[in-house]
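Undergrad: Structure: input.txt, compact mmCIF, C-alpha atoms.
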```txt
# COMPACT_ATOMS: atom_id res chain seq x y z
CA MET P 1 0.68 -17.28 13.26
CA LYS P 2 -2.95 -18.38 12.93
CA LYS P 3 -3.81 -19.50 9.42
CA PRO P 4 -6.65 -17.47 7.89
CA ARG P 5 -9.81 -19.44 7.17
CA ILE P 6 -12.90 -18.92 5.02
CA SER P 7 -16.31 -20.56 5.36
CA PRO P 8 -18.03 -22.63 2.61
CA GLY P 9 -20.67 -19.88 2.25
CA GLN P 10 -17.95 -17.32 1.62
CA LEU P 11 -16.37 -19.63 -0.96
CA PHE P 12 -19.77 -19.82 -2.67
CA SER P 13 -20.07 -16.04 -2.88
CA LEU P 14 -16.46 -15.64 -4.04
CA ILE P 15 -16.86 -18.14 -6.88
CA ALA P 16 -20.26 -16.72 -7.84
CA LEU P 17 -18.94 -13.14 -8.03
CA PHE P 18 -15.85 -14.37 -9.88
CA ASN P 19 -17.96 -16.18 -12.49
CA LEU P 20 -20.44 -13.35 -12.93
CA GLY P 21 -17.62 -10.76 -12.92
CA THR P 22 -16.93 -9.35 -16.35
CA SER P 23 -18.91 -12.06 -18.16
CA LEU P 24 -22.19 -10.53 -17.02
CA VAL P 25 -21.59 -7.38 -19.03
CA VAL P 26 -19.84 -8.54 -22.22
CA PRO P 27 -21.59 -10.18 -25.21
CA LEU P 28 -20.86 -13.71 -24.00
CA GLY P 29 -21.43 -16.61 -26.39
CA LEU P 30 -23.23 -14.51 -29.00
CA ASP P 31 -21.36 -16.26 -31.83
CA ALA P 32 -24.05 -18.91 -31.32
CA LYS P 33 -26.67 -16.18 -32.04
CA GLN P 34 -30.05 -16.96 -30.39
CA ASP P 35 -28.58 -20.07 -28.78
CA ALA P 36 -26.00 -18.19 -26.71
CA TRP P 37 -27.85 -19.20 -23.55
CA ILE P 38 -27.49 -22.90 -24.47
CA ALA P 39 -23.76 -22.36 -25.15
CA ILE P 40 -23.39 -20.84 -21.67
CA LEU P 41 -25.21 -23.76 -20.04
CA LEU P 42 -22.96 -26.25 -21.88
CA GLY P 43 -19.89 -24.21 -20.89
CA MET P 44 -21.15 -24.41 -17.32
CA ALA P 45 -21.38 -28.23 -17.60
CA GLY P 46 -17.73 -28.23 -18.70
CA GLY P 47 -16.91 -25.92 -15.79
CA LEU P 48 -18.55 -28.33 -13.34
CA LEU P 49 -16.44 -31.19 -14.69
CA LEU P 50 -13.30 -29.06 -14.43
CA PHE P 51 -14.06 -28.10 -10.85
CA LEU P 52 -14.49 -31.79 -10.05
CA VAL P 53 -10.91 -32.30 -11.28
CA TYR P 54 -9.63 -29.35 -9.21
CA GLY P 55 -11.57 -30.62 -6.18
CA THR P 56 -10.18 -34.15 -6.53
CA LEU P 57 -6.63 -32.77 -6.70
CA PHE P 58 -7.40 -30.69 -3.62
CA HIS P 59 -8.65 -33.75 -1.72
CA LEU P 60 -5.43 -35.56 -2.58
CA TYR P 61 -3.35 -32.60 -1.28
CA PRO P 62 -5.67 -30.70 1.11
CA SER P 63 -3.15 -28.48 2.84
CA ILE P 64 -1.15 -27.07 -0.08
CA PRO P 65 -2.05 -24.84 -3.03
CA LEU P 66 -1.72 -25.74 -6.73
CA THR P 67 1.87 -24.46 -6.95
CA GLY P 68 2.73 -26.74 -4.02
CA TYR P 69 1.26 -29.99 -5.32
CA ILE P 70 2.60 -29.42 -8.82
CA ARG P 71 6.06 -29.76 -7.25
CA GLU P 72 4.93 -32.74 -5.16
CA ILE P 73 3.56 -34.54 -8.21
CA LEU P 74 6.09 -33.62 -10.90
CA GLY P 75 9.18 -33.08 -8.79
CA LYS P 76 11.26 -29.97 -8.23
CA TYR P 77 12.83 -29.64 -11.67
CA ILE P 78 9.63 -29.71 -13.72
CA GLY P 79 7.31 -28.51 -10.93
CA TRP P 80 9.11 -25.28 -10.02
CA PRO P 81 9.16 -23.72 -13.52
CA LEU P 82 5.58 -24.88 -14.14
CA SER P 83 4.46 -23.28 -10.86
CA PHE P 84 6.24 -20.07 -11.91
CA PHE P 85 4.34 -20.13 -15.22
CA TYR P 86 1.11 -20.49 -13.25
CA ILE P 87 1.98 -17.30 -11.33
CA LEU P 88 2.53 -15.50 -14.64
CA PHE P 89 -0.78 -16.92 -15.86
CA PHE P 90 -2.62 -15.58 -12.80
CA ILE P 91 -0.99 -12.17 -13.25
CA TYR P 92 -1.95 -12.24 -16.92
CA GLY P 93 -5.55 -13.16 -16.01
CA ALA P 94 -5.73 -10.31 -13.51
CA ALA P 95 -4.23 -7.87 -16.01
CA ARG P 96 -6.69 -8.91 -18.73
CA ASP P 97 -9.67 -8.43 -16.42
CA LEU P 98 -8.36 -5.10 -15.18
CA ARG P 99 -7.96 -3.94 -18.78
CA ASP P 100 -11.46 -5.26 -19.63
CA GLY P 101 -12.96 -3.33 -16.74
CA GLY P 102 -10.99 -0.15 -17.45
CA ASP P 103 -11.92 -0.15 -21.14
CA LEU P 104 -15.57 -0.85 -20.38
CA LEU P 105 -15.69 2.00 -17.88
CA VAL P 106 -13.99 4.40 -20.31
CA ALA P 107 -16.44 3.36 -23.06
CA SER P 108 -19.54 3.59 -20.89
CA ALA P 109 -19.13 6.37 -18.38
CA TYR P 110 -15.65 7.91 -18.01
CA ASP P 111 -14.81 8.98 -21.55
CA GLN P 112 -12.64 11.90 -20.39
CA THR P 113 -10.64 9.90 -17.85
CA PRO P 114 -7.38 8.22 -18.90
CA LEU P 115 -7.42 4.41 -18.82
CA PHE P 116 -4.31 4.35 -16.67
CA ALA P 117 -6.00 6.47 -13.99
CA ILE P 118 -9.04 4.16 -13.82
CA ASN P 119 -6.87 1.04 -13.64
CA ALA P 120 -4.62 2.66 -11.02
CA LEU P 121 -7.58 3.55 -8.79
CA MET P 122 -8.92 0.02 -9.11
CA ILE P 123 -5.53 -1.48 -8.27
CA VAL P 124 -5.18 0.70 -5.15
CA SER P 125 -8.39 -0.78 -3.72
CA ILE P 126 -7.33 -4.27 -4.78
CA VAL P 127 -3.93 -3.94 -3.10
CA TYR P 128 -5.66 -2.68 0.03
CA VAL P 129 -7.86 -5.80 0.18
CA LEU P 130 -4.89 -8.08 -0.58
CA HIS P 131 -3.05 -6.37 2.25
CA GLN P 132 -5.96 -7.06 4.63
CA GLY P 133 -5.97 -10.75 3.72
CA ILE P 134 -8.32 -13.47 2.53
CA GLU P 135 -10.71 -13.27 5.51
CA VAL P 136 -11.55 -9.64 4.74
CA LEU P 137 -11.90 -10.48 1.06
CA ALA P 138 -14.23 -13.39 1.87
CA ARG P 139 -16.44 -11.26 4.15
CA LEU P 140 -16.52 -8.53 1.52
CA SER P 141 -17.54 -11.04 -1.14
CA TRP P 142 -20.57 -12.11 0.93
CA LEU P 143 -21.69 -8.50 1.29
CA TYR P 144 -21.23 -7.70 -2.40
CA PHE P 145 -22.88 -10.95 -3.44
CA MET P 146 -26.01 -9.74 -1.67
CA ILE P 147 -25.75 -6.33 -3.37
CA ILE P 148 -25.29 -7.92 -6.82
CA LEU P 149 -28.21 -10.25 -6.14
CA LEU P 150 -30.44 -7.33 -5.13
CA VAL P 151 -29.35 -5.18 -8.08
CA GLY P 152 -29.83 -8.15 -10.43
CA VAL P 153 -33.34 -8.93 -9.20
CA LEU P 154 -34.34 -5.24 -9.36
CA GLY P 155 -32.82 -4.83 -12.84
CA HIS P 156 -34.66 -7.86 -14.17
CA LEU P 157 -37.92 -6.70 -12.58
CA PHE P 158 -37.55 -3.31 -14.27
CA VAL P 159 -36.85 -4.95 -17.63
CA LEU P 160 -39.80 -7.33 -17.28
CA THR P 161 -42.26 -4.63 -16.20
CA SER P 162 -41.23 -2.08 -18.82
CA GLY P 163 -42.55 -4.32 -21.61
CA ILE P 164 -39.45 -4.26 -23.81
CA ILE P 165 -39.08 -8.04 -24.03
CA ASP P 166 -39.94 -9.61 -27.37
CA VAL P 167 -39.90 -13.42 -27.13
CA LYS P 168 -39.70 -13.72 -30.95
CA ASN P 169 -36.12 -12.44 -30.72
CA VAL P 170 -34.93 -15.65 -29.05
CA LEU P 171 -36.51 -17.93 -31.67
CA PRO P 172 -35.79 -20.24 -33.43
CA VAL P 173 -34.04 -22.41 -30.88
CA LEU P 174 -31.16 -24.35 -32.47
CA GLY P 175 -32.11 -22.94 -35.88
CA LYS P 176 -28.68 -23.80 -37.30
CA GLY P 177 -28.21 -27.00 -35.35
CA TRP P 178 -25.72 -27.85 -32.61
CA LYS P 179 -22.52 -27.04 -34.53
CA PRO P 180 -22.37 -23.26 -33.88
CA VAL P 181 -23.27 -23.91 -30.23
CA PHE P 182 -20.41 -26.36 -29.69
CA THR P 183 -17.97 -24.10 -31.56
CA THR P 184 -18.94 -21.23 -29.26
CA VAL P 185 -18.61 -23.44 -26.18
CA TYR P 186 -15.06 -24.37 -27.17
CA SER P 187 -13.95 -20.90 -28.25
CA GLN P 188 -15.71 -18.83 -25.55
CA THR P 189 -18.06 -20.00 -22.86
CA PHE P 190 -16.10 -22.98 -21.51
CA MET P 191 -12.95 -21.06 -20.62
CA PHE P 192 -14.59 -17.71 -19.96
CA PRO P 193 -15.50 -17.64 -17.13
CA PHE P 194 -15.64 -21.31 -16.01
CA GLY P 195 -12.09 -22.36 -16.91
CA GLU P 196 -10.72 -19.40 -14.99
CA THR P 197 -11.84 -21.00 -11.71
CA ILE P 198 -8.42 -22.70 -11.71
CA CYS P 199 -7.27 -19.84 -9.45
CA PHE P 200 -9.50 -21.23 -6.66
CA THR P 201 -7.06 -24.14 -6.38
CA MET P 202 -4.87 -21.60 -4.57
CA ILE P 203 -7.67 -20.66 -2.16
CA LEU P 204 -9.25 -24.06 -1.36
CA PRO P 205 -6.62 -25.03 1.29
CA LEU P 206 -7.87 -22.08 3.36
CA LEU P 207 -11.39 -23.51 3.56
CA ARG P 208 -12.64 -24.18 7.10
CA ASN P 209 -14.81 -27.18 6.19
CA GLN P 210 -12.74 -28.87 3.49
CA LYS P 211 -15.29 -31.63 2.84
CA ALA P 212 -17.70 -29.03 1.47
CA ALA P 213 -15.23 -27.67 -1.11
CA ILE P 214 -16.41 -29.60 -4.18
CA LYS P 215 -20.12 -29.33 -3.28
CA MET P 216 -19.98 -25.57 -2.65
CA GLY P 217 -17.77 -24.89 -5.67
CA MET P 218 -20.05 -26.81 -8.01
CA ALA P 219 -23.20 -25.24 -6.56
CA SER P 220 -21.68 -21.81 -7.07
CA ILE P 221 -20.61 -22.55 -10.65
CA ALA P 222 -24.13 -23.83 -11.40
CA PHE P 223 -25.63 -20.68 -9.89
CA GLY P 224 -23.30 -18.43 -11.92
CA GLY P 225 -23.94 -20.37 -15.14
CA ILE P 226 -27.72 -20.23 -14.79
CA ALA P 227 -27.63 -16.50 -13.90
CA LEU P 228 -25.40 -15.75 -16.91
CA SER P 229 -27.53 -17.84 -19.24
CA TYR P 230 -30.74 -16.14 -18.07
CA THR P 231 -29.17 -12.67 -18.39
CA ILE P 232 -28.00 -13.25 -21.97
CA LEU P 233 -31.45 -14.66 -22.83
CA VAL P 234 -33.10 -11.48 -21.53
CA GLU P 235 -30.56 -9.32 -23.42
CA ILE P 236 -31.29 -11.14 -26.70
CA ALA P 237 -35.04 -10.90 -26.06
CA VAL P 238 -34.79 -7.14 -25.54
CA LEU P 239 -32.17 -6.10 -28.10
CA GLY P 240 -32.44 -8.81 -30.73
CA VAL P 241 -29.48 -10.98 -31.58
CA ASP P 242 -27.83 -8.59 -34.09
CA MET P 243 -27.85 -5.58 -31.81
CA ALA P 244 -26.79 -7.62 -28.78
CA SER P 245 -23.77 -9.10 -30.58
CA ARG P 246 -22.73 -5.73 -32.05
CA SER P 247 -22.90 -3.99 -28.68
CA THR P 248 -19.72 -3.92 -26.57
CA PHE P 249 -21.87 -3.72 -23.51
CA PRO P 250 -25.28 -5.46 -24.07
CA LEU P 251 -26.24 -5.26 -20.40
CA LEU P 252 -25.87 -1.47 -20.47
CA SER P 253 -27.83 -1.22 -23.73
CA THR P 254 -30.64 -3.38 -22.26
CA ILE P 255 -30.87 -1.48 -18.99
CA SER P 256 -30.78 1.90 -20.73
CA LEU P 257 -33.98 0.95 -22.65
CA VAL P 258 -35.98 0.65 -19.43
CA ASN P 259 -38.64 3.31 -19.19
CA ILE P 260 -41.47 2.84 -16.73
CA ALA P 261 -44.23 5.50 -16.94
CA ASN P 262 -41.68 8.08 -18.15
CA PHE P 263 -40.47 8.21 -14.59
CA LEU P 264 -38.10 5.33 -13.99
CA GLN P 265 -35.43 5.63 -16.69
CA ARG P 266 -31.68 6.11 -17.25
CA LEU P 267 -30.78 3.14 -15.06
CA ASP P 268 -27.29 2.81 -16.61
CA ALA P 269 -25.80 3.16 -13.15
CA ILE P 270 -26.97 -0.39 -12.36
CA ALA P 271 -24.84 -1.80 -15.20
CA VAL P 272 -21.83 0.35 -14.30
CA LEU P 273 -22.10 -0.74 -10.66
CA THR P 274 -22.18 -4.38 -11.79
CA VAL P 275 -19.04 -3.84 -13.90
CA ILE P 276 -17.11 -2.23 -11.06
CA ILE P 277 -18.03 -4.92 -8.51
CA GLY P 278 -17.50 -7.77 -10.98
CA VAL P 279 -14.13 -6.55 -12.22
CA PHE P 280 -12.95 -5.88 -8.68
CA PHE P 281 -13.64 -9.45 -7.53
CA LYS P 282 -12.21 -11.05 -10.64
CA VAL P 283 -8.97 -9.12 -10.44
CA VAL P 284 -8.67 -9.55 -6.70
CA VAL P 285 -9.09 -13.35 -6.85
CA PHE P 286 -6.54 -13.69 -9.66
CA SER P 287 -4.17 -11.38 -7.74
CA TYR P 288 -4.61 -13.36 -4.54
CA ALA P 289 -3.85 -16.59 -6.41
CA ALA P 290 -0.64 -14.99 -7.77
CA LEU P 291 0.25 -13.72 -4.30
CA VAL P 292 -0.19 -17.16 -2.67
CA GLY P 293 1.84 -18.71 -5.49
CA VAL P 294 4.73 -16.25 -5.07
CA ALA P 295 4.73 -16.69 -1.28
CA ASP P 296 4.75 -20.47 -1.68
CA LEU P 297 7.40 -20.59 -4.41
CA PHE P 298 9.82 -18.02 -2.98
CA GLN P 299 9.21 -18.90 0.68
CA VAL P 300 7.98 -15.44 1.70
CA GLN P 301 6.58 -15.64 5.25
CA ASP P 302 4.77 -12.30 5.28
CA GLN P 303 2.37 -12.35 2.33
CA GLN P 304 1.29 -8.75 2.96
CA LYS P 305 4.64 -7.48 1.71
CA LEU P 306 3.89 -8.94 -1.71
CA SER P 307 0.61 -7.11 -2.27
CA TRP P 308 2.15 -3.89 -3.64
CA PRO P 309 4.71 -5.50 -5.97
CA ILE P 310 2.09 -7.81 -7.45
CA GLY P 311 -0.39 -4.93 -7.75
CA MET P 312 2.19 -2.85 -9.64
CA VAL P 313 3.05 -5.70 -12.02
CA ILE P 314 -0.67 -6.22 -12.73
CA LEU P 315 -1.25 -2.50 -13.28
CA PHE P 316 1.61 -2.14 -15.77
CA SER P 317 0.71 -5.47 -17.38
CA SER P 318 -2.86 -4.26 -17.97
CA MET P 319 -1.41 -1.48 -20.13
CA MET P 320 1.22 -3.67 -21.82
CA ILE P 321 -0.91 -6.59 -23.03
CA ALA P 322 -2.50 -4.72 -25.92
CA SER P 323 -2.20 -1.46 -27.83
CA ASP P 324 -5.95 -0.77 -27.97
CA PHE P 325 -9.31 -2.32 -27.14
CA SER P 326 -9.76 -4.15 -30.46
CA ASP P 327 -6.26 -5.63 -30.14
CA HIS P 328 -7.15 -6.62 -26.58
CA LEU P 329 -10.33 -8.43 -27.72
CA GLU P 330 -8.49 -10.17 -30.57
CA GLU P 331 -5.82 -11.38 -28.17
CA GLY P 332 -8.54 -12.46 -25.72
CA GLU P 333 -10.15 -14.74 -28.32
CA PHE P 334 -6.77 -16.29 -29.08
CA VAL P 335 -5.67 -16.91 -25.48
CA LEU P 336 -9.03 -18.42 -24.52
CA ARG P 337 -8.51 -21.11 -27.14
CA SER P 338 -4.83 -21.74 -26.37
CA ILE P 339 -3.16 -20.55 -23.18
CA PHE P 340 -6.24 -20.82 -20.95
CA VAL P 341 -7.01 -24.33 -22.23
CA PHE P 342 -3.42 -25.39 -21.54
CA PHE P 343 -3.32 -24.04 -17.96
CA SER P 344 -6.92 -24.73 -16.94
CA VAL P 345 -7.63 -28.06 -18.63
CA VAL P 346 -4.55 -29.87 -19.97
CA ILE P 347 -2.18 -29.45 -17.00
CA PRO P 348 -4.78 -30.20 -14.25
CA PHE P 349 -5.95 -33.35 -16.08
CA LEU P 350 -2.33 -34.51 -16.50
CA LEU P 351 -1.63 -33.74 -12.84
CA LEU P 352 -4.66 -35.76 -11.76
CA ILE P 353 -3.66 -38.75 -13.92
CA VAL P 354 -0.07 -38.68 -12.61
CA ALA P 355 -1.19 -38.20 -8.98
CA LEU P 356 -3.72 -41.06 -9.12
CA THR P 357 -1.23 -43.36 -10.88
CA ARG P 358 1.47 -42.59 -8.32
CA LYS P 359 -0.97 -43.17 -5.50
CA ARG P 360 -2.02 -46.53 -6.93
CA ILE P 361 1.58 -47.63 -7.52
CA GLY P 362 2.92 -46.16 -4.29
CA MET W 1 15.59 -6.57 -1.11
CA LYS W 2 14.11 -10.03 -1.74
CA ILE W 3 10.71 -8.49 -2.39
CA PHE W 4 12.19 -6.01 -4.89
CA ALA W 5 14.04 -8.85 -6.63
CA ILE W 6 10.76 -10.81 -6.88
CA PHE W 7 9.05 -7.71 -8.30
CA LEU W 8 11.75 -7.32 -10.97
CA LEU W 9 11.68 -11.02 -11.83
CA LEU W 10 7.88 -11.05 -12.18
CA TYR W 11 7.90 -7.82 -14.19
CA LEU W 12 10.55 -9.02 -16.64
CA ALA W 13 9.04 -12.51 -16.93
CA SER W 14 5.60 -10.98 -17.58
CA MET W 15 7.05 -8.76 -20.32
CA PHE W 16 8.65 -11.79 -21.92
CA PHE W 17 5.35 -13.68 -21.68
CA TYR W 18 3.42 -10.87 -23.44
CA VAL W 19 5.98 -10.66 -26.24
CA VAL W 20 5.74 -14.44 -26.75
CA VAL W 21 1.92 -14.29 -26.85
CA ASP W 22 2.06 -11.53 -29.49
CA LEU W 23 4.60 -13.49 -31.54
CA ILE W 24 2.52 -16.68 -31.37
CA MET W 25 -0.46 -14.65 -32.60
CA GLY W 26 1.62 -13.80 -35.68
CA LYS W 27 2.39 -10.20 -34.86
CA SER W 28 5.79 -8.68 -35.60
CA LEU W 29 8.50 -8.38 -32.96
CA ASN W 30 8.45 -4.58 -33.38
CA PHE W 31 4.72 -4.47 -32.61
CA ALA W 32 5.16 -6.75 -29.58
CA LEU W 33 8.00 -4.63 -28.22
CA SER W 34 6.14 -1.37 -28.82
CA ASN W 35 3.25 -2.71 -26.70
CA LEU W 36 5.65 -3.07 -23.78
CA ILE W 37 6.24 0.66 -23.61
CA ASN W 38 2.51 1.40 -23.55
CA PRO W 39 2.46 2.22 -19.80
CA PHE W 40 5.25 4.72 -20.34
CA TRP W 41 3.59 6.62 -23.17
CA ILE W 42 2.25 9.01 -20.62
CA ASN W 43 -0.01 11.47 -22.40
CA ARG W 44 -0.96 13.65 -19.49
CA GLY W 45 0.82 14.90 -16.40
CA THR W 46 -1.87 13.44 -14.16
CA GLU W 47 -1.10 9.90 -15.35
CA MET W 48 2.59 10.42 -14.68
CA GLY W 49 1.65 11.78 -11.24
CA ILE W 50 -0.54 8.76 -10.41
CA ALA W 51 2.20 6.32 -11.46
CA PHE W 52 4.74 8.22 -9.37
CA VAL W 53 2.49 8.35 -6.27
CA LEU W 54 1.76 4.60 -6.50
CA PHE W 55 5.44 3.85 -6.80
CA LEU W 56 6.18 6.06 -3.76
CA ILE W 57 3.44 4.40 -1.67
CA TRP W 58 5.19 1.11 -2.24
CA ILE W 59 8.85 2.13 -2.14
CA VAL W 60 8.89 4.60 0.81
CA PRO W 61 7.69 2.13 3.51
CA LEU W 62 10.17 -0.46 2.18
CA VAL W 63 13.11 1.98 2.45
CA VAL W 64 12.00 3.25 5.89
CA PHE W 65 11.62 -0.32 7.16
CA HIS W 66 15.06 -1.23 5.81
CA PHE W 67 16.79 1.69 7.57
CA ARG W 68 14.89 1.12 10.84
CA ALA W 69 15.94 -2.54 10.85
CA LYS W 70 19.54 -1.49 10.19
CA ARG W 71 19.46 1.04 13.06
CA LYS W 72 18.01 -1.59 15.43
CA VAL W 73 20.86 -3.98 14.61
CA ARG W 74 23.45 -1.22 15.13
CA ASN W 75 21.94 -0.19 18.50
CA LYS W 76 22.07 -3.79 19.76
```
Take the structure from the file and write it as structure tokens.
TA:
Amino acid sequence: MKKPRISPGQLFSLIALFNLGTSLVVPLGLDAKQDAWIAILLGMAGGLLLFLVYGTLFHLYPSIPLTGYIREILGKYIGWPLSFFYILFFIYGAARDLRDGGDLLVASAYDQTPLFAINALMIVSIVYVLHQGIEVLARLSWLYFMIILLVGVLGHLFVLTSGIIDVKNVLPVLGKGWKPVFTTVYSQTFMFPFGETICFTMILPLLRNQKAAIKMGMASIAFGGIALSYTILVEIAVLGVDMASRSTFPLLSTISLVNIANFLQRLDAIAVLTVIIGVFFKVVVFSYAALVGVADLFQVQDQQKLSWPIGMVILFSSMMIASDFSDHLEEGEFVLRSIFVFFSVVIPFLLLIVALTRKRIG
Amino acid sequence: MKIFAIFLLLYLASMFFYVVVDLIMGKSLNFALSNLINPFWINRGTEMGIAFVLFLIWIVPLVVFHFRAKRKVRNK
């Protein structure tokens, strides 16, 4: 059977949509107050370094995914269980993002619809795309990247022309020094969303032009980081730092303030559209990473057969991970500082050190 | 059968993972276990219906495929 392939441009759009995903709509990095945009840029720098590590590992083992080279590097007895934990991690990541999206949609637009119904509808479309394969997903990502770009440019134009920006809201810059910025980078902006790009280690072997992997990945992360940083800067400038950090959904609050000549108003749909597209791509990439991992670990030839079981596990997991939204957010803060750091930073760095040492000795 | 076994393994392992995360966060075992039955606290009939339909969409083709494969082997 012909191996599916994706182009570097499609990888760019996939990573960009993945990074913008849910982070575009939540109050990202606002623990650093007015300096949230700096915290995002520093998180992006960390993300670039991380992707360099993932890319180097990929160049050492270009034809196999992360779960494959973990076993090559660490051996079967340590590598197999660790690969299995990575699958659980990808499922957990997908479930968290699905829950994020579901809760945000319930809070913003669908207050009469049960959370389970929203998550189930989302998972049906995700399973459909998984069933169609990575090439369809990659083409879809290019199309939606253009839509998000268009919606983003229009949204920012509306905000700029409606005169609701107050530059004083973003001042003073670094008023409390670097400490709160670095604390926020560690606890939030480094892992979310940049550390989550670990799931692209499962997709990189499918790249048509493998030499372009690191360059495209890093360009996409830089694009996503700058777009996120600019968006949060505009949100703070419009809402003020207190209101932006209190809001569950600062993008929605910002967009809903737009009023041009009492004619162009109630543009909340733009924010809701961004949530739906962003959540979809985040969950679908995490799910695809889990699917590739399961197929690799359990030697399943036909990956399509795994799309429903993995979709069902993610759907039920999204309801099981927390009892309510506040519990979900509390758990999110904890896992970003612990589990995500372990899987996205510690293990890949160790793998790289072991792989390079073995290569030098061998 | 293999696919169903993988589904069960992933489902159970995920449940274990979520309980461990809750316990590490300092929550009680009772709280962690009660979270696991969240998907089954179906409040409305529609939610139960959606869960059932999704399950059918997955299970029915698997069962049909299994019996077709069996019939093909018998006919040979």
Undergrad: Could you check which of P:Gly102, P:Gly55, P:Gly332, P:Gly163 is closest to chain W, using only C-alpha atoms?
TA: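 Nearest candidate to chain W out of P:Gly102, P:Gly55, P:Gly332, P:Gly163: P:Gly332.
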Undergrad: For Leu66 of chain P, work out the shell of residues within 7 Å, counting all atoms listed in the file and skipping chain neighbours fewer than 3 positions away, then give it as a list in words.
TA: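 The residues that qualify are Tyr69, Ile70, Thr201 and Met202 of chain P.
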Undergrad: When you get a sec, could you note down which chain P residues fall within 10 Å of chain W, using all atoms listed in the file, as a compact mmCIF listing (two decimals) with C-alpha atoms, in the coordinates of the input?
TA:
```txt
# COMPACT_ATOMS: atom_id res chain seq x y z
CA PHE P 84 6.24 -20.07 -11.91
CA PHE P 85 4.34 -20.13 -15.22
CA ILE P 87 1.98 -17.30 -11.33
CA LEU P 88 2.53 -15.50 -14.64
CA PHE P 89 -0.78 -16.92 -15.86
CA ILE P 91 -0.99 -12.17 -13.25
CA TYR P 92 -1.95 -12.24 -16.92
CA THR P 113 -10.64 9.90 -17.85
CA PRO P 114 -7.38 8.22 -18.90
CA LEU P 115 -7.42 4.41 -18.82
CA PHE P 116 -4.31 4.35 -16.67
CA ALA P 117 -6.00 6.47 -13.99
CA ILE P 118 -9.04 4.16 -13.82
CA ALA P 120 -4.62 2.66 -11.02
CA LEU P 121 -7.58 3.55 -8.79
CA ILE P 123 -5.53 -1.48 -8.27
CA VAL P 124 -5.18 0.70 -5.15
CA VAL P 294 4.73 -16.25 -5.07
CA PHE P 298 9.82 -18.02 -2.98
CA VAL P 300 7.98 -15.44 1.70
CA LYS P 305 4.64 -7.48 1.71
CA LEU P 306 3.89 -8.94 -1.71
CA SER P 307 0.61 -7.11 -2.27
CA TRP P 308 2.15 -3.89 -3.64
CA PRO P 309 4.71 -5.50 -5.97
CA ILE P 310 2.09 -7.81 -7.45
CA GLY P 311 -0.39 -4.93 -7.75
CA MET P 312 2.19 -2.85 -9.64
CA VAL P 313 3.05 -5.70 -12.02
CA ILE P 314 -0.67 -6.22 -12.73
CA LEU P 315 -1.25 -2.50 -13.28
CA PHE P 316 1.61 -2.14 -15.77
CA SER P 317 0.71 -5.47 -17.38
CA SER P 318 -2.86 -4.26 -17.97
CA MET P 319 -1.41 -1.48 -20.13
CA MET P 320 1.22 -3.67 -21.82
CA ILE P 321 -0.91 -6.59 -23.03
CA ALA P 322 -2.50 -4.72 -25.92
CA SER P 323 -2.20 -1.46 -27.83
CA ASP P 324 -5.95 -0.77 -27.97
CA GLU P 330 -8.49 -10.17 -30.57
CA GLU P 331 -5.82 -11.38 -28.17
CA PHE P 334 -6.77 -16.29 -29.08
CA VAL P 335 -5.67 -16.91 -25.48
CA ILE P 339 -3.16 -20.55 -23.18
```
Undergrad: Which one of P:Lys282, P:Arg5, P:Lys359, P:Lys211 sits closest to Ser141 of chain P if you count only C-alpha atoms?
TA: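 Ranked by minimum distance to Ser141 of chain P, first place goes to P:Lys282.
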Undergrad: Excluding Leu105 of chain P and any residue of its chain fewer than 6 positions from it, enumerate the residues within 8 Å of it, using all atoms listed in the file, and give them as a PDB file with C-alpha atoms, keeping the file's coordinate frame.
TA:
```pdb
ATOM      1  CA  ASP P 111     -14.810   8.980 -21.550  1.00  0.00           C
ATOM      2  CA  VAL P 272     -21.830   0.350 -14.300  1.00  0.00           C
ATOM      3  CA  VAL P 275     -19.040  -3.840 -13.900  1.00  0.00           C
TER       4      VAL P 275
END
```
Undergrad: Mind checking which residues fall within 12 Å of Arg358 of chain P, counting only C-alpha atoms, ignoring those fewer than 4 positions away in the same chain, and posting them as a ChimeraX atom specification?
TA: /P:60,72-74,351-354,362
Undergrad: Figure out the distance between atom CA of Gly278 of chain P and atom CA of Thr22 of chain P, please, to one decimal in Å.
TA: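 Computing it gives 5.6 Å between the two atoms.
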Undergrad: With distances taken over only C-alpha atoms, which of P:Ile6, P:Leu233, P:Val159, P:Ile276 is nearest to Pro27 of chain P?
TA: P:Leu233
Undergrad: Calculate how many Å separate atom CA of Arg71 of chain P from atom CA of Phe90 of chain P, rounding to one decimal.
TA: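 Answer for the atom CA of Arg71 of chain P to atom CA of Phe90 of chain P separation: 17.5 Å.
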Undergrad: One decimal, Å: what's the distance from atom CA of Val234 of chain P over to atom CA of Thr274 of chain P, could you say?
TA: 16.3 Å
Undergrad: Pick from P:Ala95, P:Leu17, P:Val26, P:Val53: nearest to Val283 of chain P, with only C-alpha atoms counted?
TA: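 For Val283 of chain P, the nearest of the given residues is P:Ala95.
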Undergrad: Would you mind listing what lies within 9 Å of Ile214 of chain P as a ChimeraX atom specification, with all atoms listed in the file counted and same-chain residues fewer than 4 positions away left out?
TA: /P:51-52,54-56,210,218-219
Undergrad: Find the spatial neighbours of Ser229 of chain P, counting all atoms listed in the file, within a cut-off of 7 Å - ignore same-chain residues fewer than 2 positions away - and output them as an mmCIF file with C-alpha atoms, keeping the file's coordinate frame.
TA:
```cif
data_model
loop_
_atom_site.group_PDB
_atom_site.id
_atom_site.type_symbol
_atom_site.label_atom_id
_atom_site.label_comp_id
_atom_site.auth_asym_id
_atom_site.auth_seq_id
_atom_site.Cartn_x
_atom_site.Cartn_y
_atom_site.Cartn_z
ATOM 1 C CA TRP P 37 -27.850 -19.200 -23.550
ATOM 2 C CA ILE P 40 -23.390 -20.840 -21.670
ATOM 3 C CA LEU P 41 -25.210 -23.760 -20.040
ATOM 4 C CA GLY P 225 -23.940 -20.370 -15.140
ATOM 5 C CA ILE P 226 -27.720 -20.230 -14.790
ATOM 6 C CA ALA P 227 -27.630 -16.500 -13.900
ATOM 7 C CA THR P 231 -29.170 -12.670 -18.390
ATOM 8 C CA ILE P 232 -28.000 -13.250 -21.970
ATOM 9 C CA LEU P 233 -31.450 -14.660 -22.830
#
```
